[in-house]
Amino acid sequence: MSRPLQVKHLHTDVLIIGGGTAGCYAALTISRNSDASVLVAEKANIKRSGCLAAGVNAINAYIVKGRKPQDYVDYATKDAAGIVRNDLLLTAAEEFNEVTADMEKLGLVILKDENGDYVARGNRNIKINGENFKPLLADAVYKSKNVDVLNYVNITDLLTENGNVYGAVGFSIMEETAYVIHAKAVLIATGGAAGLYKPNNPGFSRHKMWYPPFNTGAGYAMGIRSGAEMTTFEMRFIALRCKDTIAPTGTIAQGVQAKQVNSKGEVYEHIYGLTTSQRVYGTVKENQLGHGPCYLKTSGITSDQDQDLLKAYLNMAPS
């Protein structure tokens, strides 16, 4: 005989749904800047949840020396074929370096050169040792004033009345308990919808994903069902990944300037263009034309570059 479902009612000023990097940093920011009570509801555990659960080897949104925030806006606008909110991009870009410096204060290891400057990787990236990114951020959240964390609770629906959101409901994945959470403000930080699409991973990695398997667009669904305006959610792409690993191709393309080459040895990236979407489209098109398999040409790189790639790929795909 099963036990009856227990229902718990909670109240908070701000409910954050999702305890990945975005949710944790939002909680940290609210705690620092107000006396509002915050509750972070996470389906797993904030110490190892979200896209950076296992770490990351670079920060891909940084204004390096000689660049300005508007340069990042211009890059992202071109990369997304103009389907962006330029004002939101600029606001974000103006905060990139401040957030990065904050993470370094929390203990994140950021690689530096002999002059003490961050080691750049391309025009917008810096190298980090990010395997402890989430544990560091989680620790800071637990130490923050007025912040409570509800691990192992999966939020499924928003509570709305007259077009306003006043909370959410969810269920424990560990106990037979339902939660009804009332809040003055609700922030959804549940990640993307990567789980909806078949990955571009052939060979050994055909069953693997780079993003967490929980990234199924559940947060988008909550917003859509509640009548939210889904601004800036108009575009998607399926990223390229290297065969037999789930590591991103940008690590090679940007890190050692490797060219995209087809099976005939032709550099095809010049035909289609160098934006992210053009790199993806070009590779798919070359395969369709029978010019595959396509690869990134790393012959001729230095031994130091070779070692850097080895470290990066072992960090990202230990299998």
# chains A, B, ... in the order shown; residues from 1 in each chain; ligands from 1

call {"tool": "select_by_dssp", "arguments": {"residues": "stretch 48-255 of chain A", "states": "alpha helix (DSSP H)", "output": "PyMOL selection string"}}
result
chain A and resi 69-79+86-93+96-105+133-143+218-225+250-253

call {"tool": "select_by_dssp", "arguments": {"residues": "stretch 167-304 of chain A", "states": "strand (DSSP E or B)", "output": "list of chain:residue names"}}
result
A:Gly167, A:Ala168, A:Val169, A:Gly170, A:Phe171, A:Ser172, A:Thr177, A:Ala178, A:Tyr179, A:Val180, A:Ile181, A:His182, A:Ala183, A:Lys184, A:Ala185, A:Val186, A:Leu187, A:Ile188, A:Asn200, A:Leu240, A:Arg241, A:Pro248, A:Lys259, A:Gln260, A:Val261, A:Val267, A:Tyr295, A:Leu296, A:Lys297

call {"tool": "write_last_selection", "arguments": {"atoms": "C-alpha atoms", "output": "short mmCIF file (atom, residue, chain, number, x, y, z; two decimals), in the first residue's frame"}}
result
data_model
loop_
_atom_site.label_atom_id
_atom_site.label_comp_id
_atom_site.auth_asym_id
_atom_site.auth_seq_id
_atom_site.Cartn_x
_atom_site.Cartn_y
_atom_site.Cartn_z
CA GLY A 167 4.60 30.78 -7.76
CA ALA A 168 5.12 27.24 -8.99
CA VAL A 169 4.47 23.61 -8.19
CA GLY A 170 6.85 20.67 -8.32
CA PHE A 171 7.67 17.23 -6.98
CA SER A 172 10.51 15.71 -5.02
CA THR A 177 6.24 14.97 -1.63
CA ALA A 178 4.69 17.73 -3.74
CA TYR A 179 5.65 21.38 -3.28
CA VAL A 180 3.46 24.44 -3.72
CA ILE A 181 5.71 27.51 -3.69
CA HIS A 182 4.32 31.04 -3.47
CA ALA A 183 6.65 33.85 -4.58
CA LYS A 184 6.55 37.56 -5.39
CA ALA A 185 8.82 36.95 -8.40
CA VAL A 186 9.80 33.81 -10.33
CA LEU A 187 12.94 33.39 -12.41
CA ILE A 188 13.23 30.40 -14.76
CA ASN A 200 25.70 15.61 -34.60
CA LEU A 240 29.23 20.38 -34.45
CA ARG A 241 31.05 17.88 -32.28
CA PRO A 248 33.34 21.11 -29.31
CA LYS A 259 40.94 24.58 -41.01
CA GLN A 260 37.74 22.75 -41.91
CA VAL A 261 38.70 20.27 -44.65
CA VAL A 267 39.38 23.80 -47.23
CA TYR A 295 37.61 17.06 -40.40
CA LEU A 296 39.70 19.78 -38.77
CA LYS A 297 43.24 19.66 -40.10
#

call {"tool": "residues_around", "arguments": {"residues": "stretch 31-42 of chain A", "least_positions_apart": "3", "cutoff": "10 Å", "atoms": "only C-alpha atoms", "output": "JSON, numbers by chain"}}
result
{"A": [10, 11, 12, 13, 14, 15, 16, 17, 18, 19, 20, 23, 24, 25, 26, 27, 28, 45, 46, 49, 50, 141, 144, 145, 146, 147, 148, 149, 150, 151, 152, 153, 154, 155, 170, 172, 181, 183, 184, 185, 186, 187, 188, 189, 190]}

call {"tool": "closest_residue", "arguments": {"among": "A:Ile238, A:Lys68, A:Ser226, A:Asp113", "to": "A:Lys198", "atoms": "only C-alpha atoms"}}
result
A:Ile238

call {"tool": "atom_distance", "arguments": {"atom1": "atom CA of A:Gly290", "atom2": "atom CA of A:Ser277"}}
result
20.2 Å

call {"tool": "residues_around", "arguments": {"residues": "A:Thr283", "least_positions_apart": "2", "cutoff": "10 Å", "atoms": "only C-alpha atoms", "output": "PyMOL selection string"}}
result
chain A and resi 240+260-262+268-269+272+278-281+285-289+291-295

call {"tool": "residues_around", "arguments": {"residues": "stretch 91-108 of chain A", "least_positions_apart": "5", "cutoff": "8 Å", "atoms": "only C-alpha atoms", "output": "number ranges by chain"}}
result
A: 61-63, 69-70, 72-73, 128-130, 132-133, 136-137, 140

call {"tool": "residues_around", "arguments": {"residues": "A:Ile59", "least_positions_apart": "4", "cutoff": "8 Å", "atoms": "only C-alpha atoms", "output": "count of residues only"}}
result
4
